[in-house]
Amino acid sequence: MARIRLNHVSKRWGNFIGVDDFHLEIEDQEFLVLLGPSGCGKTTTMRMIAGLEDPTEGEIWIGDREVTGLDPKDRDVAMVFQSYGLYPNMTVWENIRFPLKVRKVPEAEHEARVARAAAMVELEDFMHRKPAALSGGQRQRVALARAIVREPQVFLMDEPLSNLDAKLRVSTRAQIKNLSHELKVTTIYVTHDQIEAMTLADRVVVMKAGVVQQVGTPTDIYDNPANTFVAGFIGSPAMNLMQGEIVDGTFQGENVSVPGLVGASGEVTLGFRAEDAEVTEPGQGQINAQVYSMELLGDATMVTVRAGGTLVAVKAAKDYRAEIGAPVGIALPEGITHLFDAQTGQRL
Ligand code: ATP
């Protein structure tokens, strides 16, 4: 069982707080993704789990063992980084075998374990090559195999796909997802790419400036963002956000009026997703706007409109066409809007 517990973990350097009171239990075999913009503390959190960084406060548990203060080598975790960290003078076979040698695993087991790990990431044909003679994607697979061969309790992966081109990233992503299921190893995966997070994660932790903003399944986070930061970070495009005020159950803002919002009042931020809204005739719908740009997505057209000073994205049918600057209405079907406190950004 490799449940991981972070018990009120913080990391400070002087007055600067890199990670602030991270408190979470990660389930055995869970695939947890730490997501957030550059500098939000994802890597520091993972380095503390790995033992590469000591927390200033709090405890870290792996399984039923407290590991705070233990050396990385005593934690039974395997790491995969964005820079592959392969030994250039060793062949692929030797690179994958290396952790077994360091851990003094009996030689008799090496051949079979290396072969099994290599097969999982389809490297069998490259075993005698050195890293310099491999593509970026192949090197990343060697790094994965080297983590797999250890059969650790925990995988820690820090942006392992970021050096790969877009196409390879998608196929390697699928492979990582598949491996984690097959190997049944608890995995913590760091990325700033929300699509990677949404496709891989059982649960996502969204972080900002060292503070956890929300923990939830990809669906939770997409459908019920806890605040405007999460709403504006998740989804492509991110959720549309408009400023205004609710008076007598009607949201009023620049070029927008949405009735039927009983229960809230005062200054709020109204949110809605591009795919939940509809482009309609001028004067109809709840928003008056002009077409600003159109992007053809293949299966749909993403129409960006300007409503006063706010740009709003709306997904339309793939054959939708309009002149740039043409007036349009935007209809918001009942029940699709999200409301956030205008000051705190918290979901209402
Ligand atoms: P990125 O996606 O850019 O890697 P991140 O979310 O992984 O970002 P961290 O590397 O965890 O961010 O860094 C969090 C914050 O802590 C950053 O502002 C960083 O500058 C700071 N930080 C990291 N290491 C140190 C250190 N050794 N001393 C002081 N500050 C540090």
# chains A, B, ... in the order shown; residues from 1 in each chain; ligands from 1
$ residues_near_ligand --ligand "ligand 1" --cutoff "8 Å" --atoms "only C-alpha atoms and all ligand atoms" --output "list in words"
Arg12, Trp13, Phe16, Ile17, Gly18, Val19, Leu35, Gly36, Pro37, Ser38, Gly39, Cys40, Gly41, Lys42, Thr43, Thr44, Thr45, Met46, Val190, Thr191, His192, Met207, Ala209 and Gly210 of chain A
$ write_last_selection --atoms "C-alpha atoms" --output "mmCIF file, in the first residue's frame"
data_model
loop_
_atom_site.group_PDB
_atom_site.id
_atom_site.type_symbol
_atom_site.label_atom_id
_atom_site.label_comp_id
_atom_site.auth_asym_id
_atom_site.auth_seq_id
_atom_site.Cartn_x
_atom_site.Cartn_y
_atom_site.Cartn_z
ATOM 1 C CA ARG A 12 9.984 28.601 3.294
ATOM 2 C CA TRP A 13 13.188 30.234 2.244
ATOM 3 C CA PHE A 16 9.422 33.613 0.961
ATOM 4 C CA ILE A 17 6.806 30.859 1.083
ATOM 5 C CA GLY A 18 7.304 28.361 -1.754
ATOM 6 C CA VAL A 19 4.606 25.934 -0.518
ATOM 7 C CA LEU A 35 -1.019 21.667 -11.897
ATOM 8 C CA GLY A 36 -0.323 25.384 -11.913
ATOM 9 C CA PRO A 37 1.608 28.198 -13.538
ATOM 10 C CA SER A 38 5.367 28.587 -13.301
ATOM 11 C CA GLY A 39 6.577 29.211 -9.752
ATOM 12 C CA CYS A 40 3.416 27.988 -7.976
ATOM 13 C CA GLY A 41 5.310 25.380 -5.936
ATOM 14 C CA LYS A 42 4.574 22.132 -7.794
ATOM 15 C CA THR A 43 8.190 21.077 -8.181
ATOM 16 C CA THR A 44 9.011 22.005 -4.591
ATOM 17 C CA THR A 45 6.086 19.872 -3.371
ATOM 18 C CA MET A 46 7.320 16.938 -5.383
ATOM 19 C CA VAL A 190 3.805 17.717 -12.173
ATOM 20 C CA THR A 191 2.764 19.820 -15.145
ATOM 21 C CA HIS A 192 1.742 23.347 -16.094
ATOM 22 C CA MET A 207 -1.858 25.463 -7.169
ATOM 23 C CA ALA A 209 1.639 31.019 -5.448
ATOM 24 C CA GLY A 210 2.335 28.086 -3.116
#
$ residues_around --residues "stretch 323-325 of chain A" --least-positions-apart "6" --cutoff "7 Å" --atoms "only C-alpha atoms" --output "list in words"
Gln290, Val291, Tyr292 and Ser293 of chain A
$ closest_residue --among "A:Pro106, A:Pro72, A:Gly137, A:Pro131" --to "A:Thr172" --atoms "only C-alpha atoms"
A:Gly137
$ select_by_dssp --residues "stretch 81-303 of chain A" --states "helix (DSSP H, G or I)" --output "count of residues only"
84
$ closest_residue --among "A:Asp20, A:Asp158, A:Glu182, A:Glu267" --to "A:Phe340" --atoms "only C-alpha atoms"
A:Glu267
$ residues_around --residues "stretch 229-245 of chain A" --least-positions-apart "5" --cutoff "7 Å" --atoms "only C-alpha atoms" --output "list in words"
Gln194, Tyr222, Phe251, Gln252, Gly253, Gly266, Glu267, Val268, Thr269, Leu270, Gly271, Phe272, Arg273, Ala274, Val312 and Ala313 of chain A
$ write_last_selection --atoms "C-alpha atoms" --output "PDB file, in the first residue's frame"
ATOM      1  CA  GLN A 194      -3.897  21.684 -18.102  1.00  0.00           C
ATOM      2  CA  TYR A 222     -13.939  21.669 -14.984  1.00  0.00           C
ATOM      3  CA  PHE A 251     -26.944  40.141 -13.359  1.00  0.00           C
ATOM      4  CA  GLN A 252     -26.173  43.507 -14.958  1.00  0.00           C
ATOM      5  CA  GLY A 253     -22.860  44.297 -16.625  1.00  0.00           C
ATOM      6  CA  GLY A 266     -24.043  42.612  -5.105  1.00  0.00           C
ATOM      7  CA  GLU A 267     -20.871  42.653  -7.174  1.00  0.00           C
ATOM      8  CA  VAL A 268     -20.063  39.327  -8.722  1.00  0.00           C
ATOM      9  CA  THR A 269     -18.117  37.724 -11.540  1.00  0.00           C
ATOM     10  CA  LEU A 270     -20.289  35.722 -13.918  1.00  0.00           C
ATOM     11  CA  GLY A 271     -18.686  32.760 -15.652  1.00  0.00           C
ATOM     12  CA  PHE A 272     -19.752  30.470 -18.484  1.00  0.00           C
ATOM     13  CA  ARG A 273     -18.033  28.022 -20.796  1.00  0.00           C
ATOM     14  CA  ALA A 274     -17.709  28.578 -24.546  1.00  0.00           C
ATOM     15  CA  VAL A 312     -15.929  36.215 -24.817  1.00  0.00           C
ATOM     16  CA  ALA A 313     -15.429  32.868 -26.582  1.00  0.00           C
TER      17      ALA A 313
END
$ closest_residue --among "A:Ala112, A:Val92, A:Leu34, A:Ala166" --to "A:Ala145" --atoms "only C-alpha atoms"
A:Val92
$ atom_distance --atom1 "atom CA of A:His23" --atom2 "atom CA of A:Ile4"
10.8 Å
$ residues_around --residues "A:Val256" --least-positions-apart "6" --cutoff "12 Å" --atoms "only C-alpha atoms" --output "MDAnalysis selection string"
chainID A and resid 241:246 250 270 283:289 306:310 312 329:332
$ select_by_dssp --residues "stretch 138-271 of chain A" --states "strand (DSSP E)" --output "count of residues only"
44
$ atom_distance --atom1 "atom CA of A:Val33" --atom2 "atom CA of A:Tyr189"
4.7 Å
$ decode --residues "stretch 35-47 of chain A" --atoms "C-alpha atoms" --output "compact mmCIF listing (two decimals), in the first residue's frame"
# COMPACT_ATOMS: atom_id res chain seq x y z
CA LEU A 35 -1.02 21.67 -11.90
CA GLY A 36 -0.32 25.38 -11.91
CA PRO A 37 1.61 28.20 -13.54
CA SER A 38 5.37 28.59 -13.30
CA GLY A 39 6.58 29.21 -9.75
CA CYS A 40 3.42 27.99 -7.98
CA GLY A 41 5.31 25.38 -5.94
CA LYS A 42 4.57 22.13 -7.79
CA THR A 43 8.19 21.08 -8.18
CA THR A 44 9.01 22.01 -4.59
CA THR A 45 6.09 19.87 -3.37
CA MET A 46 7.32 16.94 -5.38
CA ARG A 47 10.95 17.43 -4.30
